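*Asks:* What follows is input15.pdb; its format and atoms are PDB, C-alpha atoms.
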```
ATOM      1  CA  MET A 191       0.000   0.000   0.000
ATOM      2  CA  ALA A 192       1.562   3.260  -1.138
ATOM      3  CA  VAL A 193       1.189   6.408   0.869
ATOM      4  CA  SER A 194       1.126   9.575  -1.175
ATOM      5  CA  MET A 195       2.676  12.677   0.268
ATOM      6  CA  PRO A 196       2.649  16.173  -1.135
ATOM      7  CA  VAL A 197       5.843  17.072  -3.010
ATOM      8  CA  ASP A 198       7.495  20.349  -2.224
ATOM      9  CA  ALA A 199       8.990  21.612  -5.503
ATOM     10  CA  GLU A 200      11.596  23.754  -3.792
ATOM     11  CA  GLN A 201      12.794  20.880  -1.610
ATOM     12  CA  ALA A 202      12.890  18.577  -4.646
ATOM     13  CA  TRP A 203      15.053  21.120  -6.495
ATOM     14  CA  LYS A 204      17.457  21.342  -3.543
ATOM     15  CA  ASP A 205      17.676  17.544  -3.427
ATOM     16  CA  LEU A 206      18.494  17.398  -7.137
ATOM     17  CA  GLN A 207      21.240  19.988  -6.706
ATOM     18  CA  ARG A 208      22.662  18.077  -3.755
ATOM     19  CA  ILE A 209      22.833  14.927  -5.895
ATOM     20  CA  ARG A 210      24.247  16.716  -8.954
ATOM     21  CA  VAL A 211      27.285  18.187  -7.191
ATOM     22  CA  PRO A 212      28.767  14.791  -6.189
ATOM     23  CA  GLN A 213      28.031  13.501  -9.708
ATOM     24  CA  GLU A 214      30.074  16.373 -11.176
ATOM     25  CA  ARG A 215      32.866  15.561  -8.727
ATOM     26  CA  VAL A 216      32.850  11.950  -9.932
ATOM     27  CA  TYR A 217      33.222  13.136 -13.534
ATOM     28  CA  ASP A 218      36.003  15.539 -12.511
ATOM     29  CA  GLU A 219      37.837  12.707 -10.751
ATOM     30  CA  PHE A 220      37.449  10.484 -13.800
ATOM     31  CA  GLU A 221      38.842  13.264 -15.986
ATOM     32  CA  ARG A 222      41.870  13.551 -13.695
ATOM     33  CA  SER A 223      42.404   9.778 -13.638
ATOM     34  CA  VAL A 224      42.376   9.471 -17.448
ATOM     35  CA  SER A 225      45.798  11.070 -17.755
ATOM     36  CA  GLY A 226      47.446   8.984 -15.040
ATOM     37  CA  GLY A 227      48.872  12.052 -13.349
ATOM     38  CA  ARG A 228      51.958  14.173 -13.892
ATOM     39  CA  ARG A 229      54.416  11.469 -12.883
ATOM     40  CA  MET A 230      53.038   9.087 -15.493
ATOM     41  CA  THR A 231      52.944  11.774 -18.184
ATOM     42  CA  TYR A 232      56.470  13.067 -17.634
ATOM     43  CA  GLY A 233      57.858   9.594 -16.952
ATOM     44  CA  THR A 234      56.472   8.354 -20.260
ATOM     45  CA  ALA A 235      57.741  11.461 -22.066
ATOM     46  CA  ALA A 236      61.239  11.083 -20.591
ATOM     47  CA  LEU A 237      61.338   7.399 -21.451
ATOM     48  CA  MET A 238      60.137   8.152 -24.988
ATOM     49  CA  TRP A 239      62.816  10.819 -25.410
ATOM     50  CA  VAL A 240      65.619   8.519 -24.246
ATOM     51  CA  PHE A 241      64.351   5.739 -26.503
ATOM     52  CA  LEU A 242      64.042   7.921 -29.614
ATOM     53  CA  ALA A 243      67.401   9.603 -29.003
ATOM     54  CA  GLY A 244      69.031   6.188 -28.526
ATOM     55  CA  VAL A 245      67.480   4.694 -31.641
ATOM     56  CA  GLY A 246      68.786   7.669 -33.619
ATOM     57  CA  MET A 247      72.397   6.768 -32.773
ATOM     58  CA  ASP A 248      72.738   4.041 -35.418
ATOM     59  CA  LEU A 249      73.199   1.192 -32.951
ATOM     60  CA  PRO A 250      74.204  -2.284 -34.156
ATOM     61  CA  GLN A 251      71.351  -4.789 -34.572
ATOM     62  CA  TRP A 252      71.969  -6.527 -31.241
ATOM     63  CA  GLY A 253      72.233  -3.156 -29.444
ATOM     64  CA  LEU A 254      68.949  -2.033 -30.944
ATOM     65  CA  GLY A 255      67.321  -5.263 -29.738
ATOM     66  CA  VAL A 256      68.592  -4.711 -26.200
ATOM     67  CA  PHE A 257      67.500  -1.074 -26.321
ATOM     68  CA  VAL A 258      63.962  -1.932 -27.510
ATOM     69  CA  THR A 259      63.680  -4.683 -24.876
ATOM     70  CA  ALA A 260      64.769  -2.279 -22.122
ATOM     71  CA  TYR A 261      62.319   0.361 -23.378
ATOM     72  CA  VAL A 262      59.375  -2.050 -23.426
ATOM     73  CA  GLY A 263      60.331  -3.386 -19.986
ATOM     74  CA  LEU A 264      60.617   0.078 -18.413
ATOM     75  CA  LEU A 265      57.402   1.265 -20.067
ATOM     76  CA  SER A 266      55.616  -1.849 -18.783
ATOM     77  CA  LEU A 267      56.976  -1.204 -15.296
ATOM     78  CA  LEU A 268      55.740   2.387 -15.457
ATOM     79  CA  ILE A 269      52.286   1.212 -16.539
ATOM     80  CA  VAL A 270      52.108  -1.420 -13.775
ATOM     81  CA  MET A 271      53.170   1.100 -11.133
ATOM     82  CA  SER A 272      50.577   3.577 -12.380
ATOM     83  CA  SER A 273      47.777   1.020 -12.478
ATOM     84  CA  ARG A 274      48.416  -0.081  -8.900
ATOM     85  CA  ARG A 275      47.147   3.247  -7.654
ATOM     86  CA  SER A 276      43.532   3.037  -6.668
ATOM     87  CA  ARG A 277      41.750   4.849  -9.443
ATOM     88  CA  MET A 278      38.040   5.136  -9.688
ATOM     89  CA  GLN A 279      36.357   3.893 -12.796
ATOM     90  CA  LEU A 280      32.729   4.263 -13.728
ATOM     91  CA  HIS A 281      31.062   1.020 -14.772
ATOM     92  CA  HIS A 282      30.077   2.226 -18.261
ATOM     93  CA  THR A 283      33.319   4.023 -19.030
ATOM     94  CA  ARG A 284      35.953   1.328 -19.264
ATOM     95  CA  CYS A 285      37.068   2.445 -22.743
ATOM     96  CA  PRO A 286      34.715   4.789 -24.536
ATOM     97  CA  GLY A 287      35.191   5.199 -28.268
ATOM     98  CA  ARG A 288      36.699   8.628 -27.807
ATOM     99  CA  MET A 289      39.552   7.147 -25.754
ATOM    100  CA  TRP A 290      40.436   4.768 -28.596
ATOM    101  CA  ALA A 291      40.148   7.638 -31.087
ATOM    102  CA  ALA A 292      42.414   9.859 -28.954
ATOM    103  CA  PHE A 293      44.944   7.023 -28.587
ATOM    104  CA  GLY A 294      44.959   6.403 -32.340
ATOM    105  CA  ALA A 295      45.200  10.105 -33.185
ATOM    106  CA  ALA A 296      48.108  10.548 -30.766
ATOM    107  CA  GLY A 297      49.901   7.593 -32.344
ATOM    108  CA  VAL A 298      49.431   9.039 -35.818
ATOM    109  CA  LEU A 299      50.470  12.529 -34.687
ATOM    110  CA  VAL A 300      53.623  11.434 -32.835
ATOM    111  CA  GLY A 301      54.506   8.886 -35.516
ATOM    112  CA  GLY A 302      54.056  11.523 -38.221
ATOM    113  CA  THR A 303      56.274  13.893 -36.259
ATOM    114  CA  ILE A 304      58.979  11.225 -36.036
ATOM    115  CA  VAL A 305      58.830  10.533 -39.774
ATOM    116  CA  LEU A 306      58.803  14.249 -40.663
ATOM    117  CA  ALA A 307      61.663  15.051 -38.272
ATOM    118  CA  ASP A 308      63.628  12.095 -39.659
ATOM    119  CA  HIS A 309      63.134  13.369 -43.196
ATOM    120  CA  LEU A 310      64.053  16.965 -42.294
ATOM    121  CA  THR A 311      67.154  16.025 -40.265
ATOM    122  CA  GLU A 312      68.514  13.495 -42.757
ATOM    123  CA  PRO A 313      71.539  15.613 -43.754
ATOM    124  CA  LEU A 314      72.648  16.018 -40.112
ATOM    125  CA  GLU A 315      74.879  13.718 -38.105
ATOM    126  CA  PRO A 316      72.886  10.762 -36.712
ATOM    127  CA  ILE A 317      73.303  11.831 -33.080
ATOM    128  CA  TYR A 318      72.022  15.361 -33.710
ATOM    129  CA  ALA A 319      69.220  14.112 -35.916
ATOM    130  CA  GLY A 320      68.161  11.670 -33.183
ATOM    131  CA  LEU A 321      68.141  14.384 -30.529
ATOM    132  CA  ILE A 322      66.067  16.736 -32.689
ATOM    133  CA  GLN A 323      63.680  13.944 -33.649
ATOM    134  CA  ALA A 324      63.243  12.854 -30.027
ATOM    135  CA  THR A 325      62.689  16.420 -28.803
ATOM    136  CA  ALA A 326      60.135  17.187 -31.521
ATOM    137  CA  ALA A 327      58.190  13.958 -30.919
ATOM    138  CA  VAL A 328      58.076  14.416 -27.138
ATOM    139  CA  ALA A 329      57.029  18.063 -27.523
ATOM    140  CA  VAL A 330      54.136  17.034 -29.783
ATOM    141  CA  TYR A 331      53.217  14.262 -27.321
ATOM    142  CA  LEU A 332      53.141  16.622 -24.346
ATOM    143  CA  LEU A 333      51.288  19.389 -26.217
ATOM    144  CA  SER A 334      48.582  17.061 -27.526
ATOM    145  CA  LEU A 335      48.093  14.878 -24.445
ATOM    146  CA  ARG A 336      46.031  17.242 -22.289
ATOM    147  CA  PRO A 337      43.517  18.268 -24.994
ATOM    148  CA  ALA A 338      43.141  14.641 -26.081
ATOM    149  CA  ASN A 339      42.499  13.491 -22.507
ATOM    150  CA  ARG A 340      39.971  16.283 -21.934
ATOM    151  CA  TRP A 341      38.165  15.420 -25.179
ATOM    152  CA  ALA A 342      38.068  11.710 -24.272
ATOM    153  CA  ALA A 343      36.828  12.407 -20.733
ATOM    154  CA  ASP A 344      34.142  14.786 -22.013
ATOM    155  CA  SER A 345      32.466  11.813 -23.686
ATOM    156  CA  VAL A 346      31.979  10.299 -20.239
ATOM    157  CA  ARG A 347      30.533  13.512 -18.842
ATOM    158  CA  SER A 348      28.160  13.996 -21.770
ATOM    159  CA  SER A 349      27.007  10.361 -21.778
ATOM    160  CA  GLY A 350      25.413  10.740 -18.353
ATOM    161  CA  GLU A 351      21.913  11.889 -17.568
ATOM    162  CA  PRO A 352      21.065  15.516 -18.342
ATOM    163  CA  ALA A 353      21.980  17.940 -15.606
ATOM    164  CA  ALA A 354      19.207  19.125 -13.301
ATOM    165  CA  ASP A 355      19.229  22.696 -14.598
ATOM    166  CA  GLU A 356      18.878  21.490 -18.222
ATOM    167  CA  GLY A 357      15.561  19.828 -17.404
ATOM    168  CA  ALA A 358      14.291  22.768 -15.326
ATOM    169  CA  GLY A 359      13.347  24.881 -18.353
ATOM    170  CA  ARG A 360      10.763  22.355 -19.543
TER     171      ARG A 360
END
```
What would you get if you wrote out this structure as structure tokens?
*Replies:*
Amino acid sequence: MAVSMPVDAEQAWKDLQRIRVPQERVYDEFERSVSGGRRMTYGTAALMWVFLAGVGMDLPQWGLGVFVTAYVGLLSLLIVMSSRRSRMQLHHTRCPGRMWAAFGAAGVLVGGTIVLADHLTEPLEPIYAGLIQATAAVAVYLLSLRPANRWAADSVRSSGEPAADEGAGR
């Protein structure tokens, strides 16, 4: 048996606002957790720079193999250390399409920068060409990372229910 009670519109509005503020905080926290933090960003950038500068030194085949193995191992270690932090994750946001698109676009952008820098620095000594190529690629990575993460996280924010003040005008 249901008991009906009168609904106070003003109290209902206050309740909606009280619920909406924590929801926005959840989305803000998700947006912060997408990037992995400053340590992850700069650690990855530093590792990428060392790797690209080292590859540009014309190493022998066995040296290149050791270098690539060390790079993959250190990058894996960085990823494992970052993922051990307790990060919140919304149930419907494991990997939205925008995250895959941002990842792919970043790969194309950084890869294109590497190819372009390699082509432009061809007449230089290999060590200088490698340093310029590594610096250009890491600069593009760092400059594009924040906007890409914001764009990817905005898909999570916009996929939720409409905000309370959007529905108030109806």
*Asks:* When the PyMOL selection byres ((chain A and resi 237-243) around 8) is applied to the structure above, which residues does it catch, written out as a list in words?
*Replies:* Gly233, Thr234, Ala235, Ala236, Gly244, Val245, Gly246, Met247, Phe257, Val258, Tyr261, Leu264, Leu265, Ile317, Gly320, Leu321, Gln323, Ala324, Thr325, Ala327 and Val328 of chain A
*Asks:* Box in all listed atoms of segment 290-304 of chain A, axis-aligned, with 5 Å more on each side; write out centre and edge lengths in Å to one decimal as AutoDock Vina command-line options.
*Replies:*
```
--center_x 49.6 --center_y 9.3 --center_z -33.4 --size_x 28.8 --size_y 19.1 --size_z 19.6
```
*Asks:* Please indicate the distance in Å from atom CA of Thr231 of chain A to atom CA of Arg340 of chain A, rounded to one decimal place.
*Replies:*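 Between atom CA of Thr231 of chain A and atom CA of Arg340 of chain A the gap works out to 14.2 Å.
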*Asks:* Which value, in Å to one decimal, gives the distance between atom CA of Ile322 of chain A and atom CA of Ile304 of chain A?
*Replies:*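 So the two atoms, atom CA of Ile322 of chain A and atom CA of Ile304 of chain A, lie 9.6 Å apart.
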*Asks:* Rounded to one decimal place, report the atom CA of Pro337 of chain A-atom CA of Val262 of chain A distance in Å.
*Replies:*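 Atom CA of Val262 of chain A lies at a distance of 25.8 Å from atom CA of Pro337 of chain A.
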*Asks:* Just the residues within 9 Å of Ser272 of chain A, please, counting all atoms listed in the file, with nothing from its chain fewer than 5 positions along; format it as a list in words.
*Replies:*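 Non-adjacent residues within range: Gly226, Gly227, Arg229, Met230 and Leu267 of chain A.
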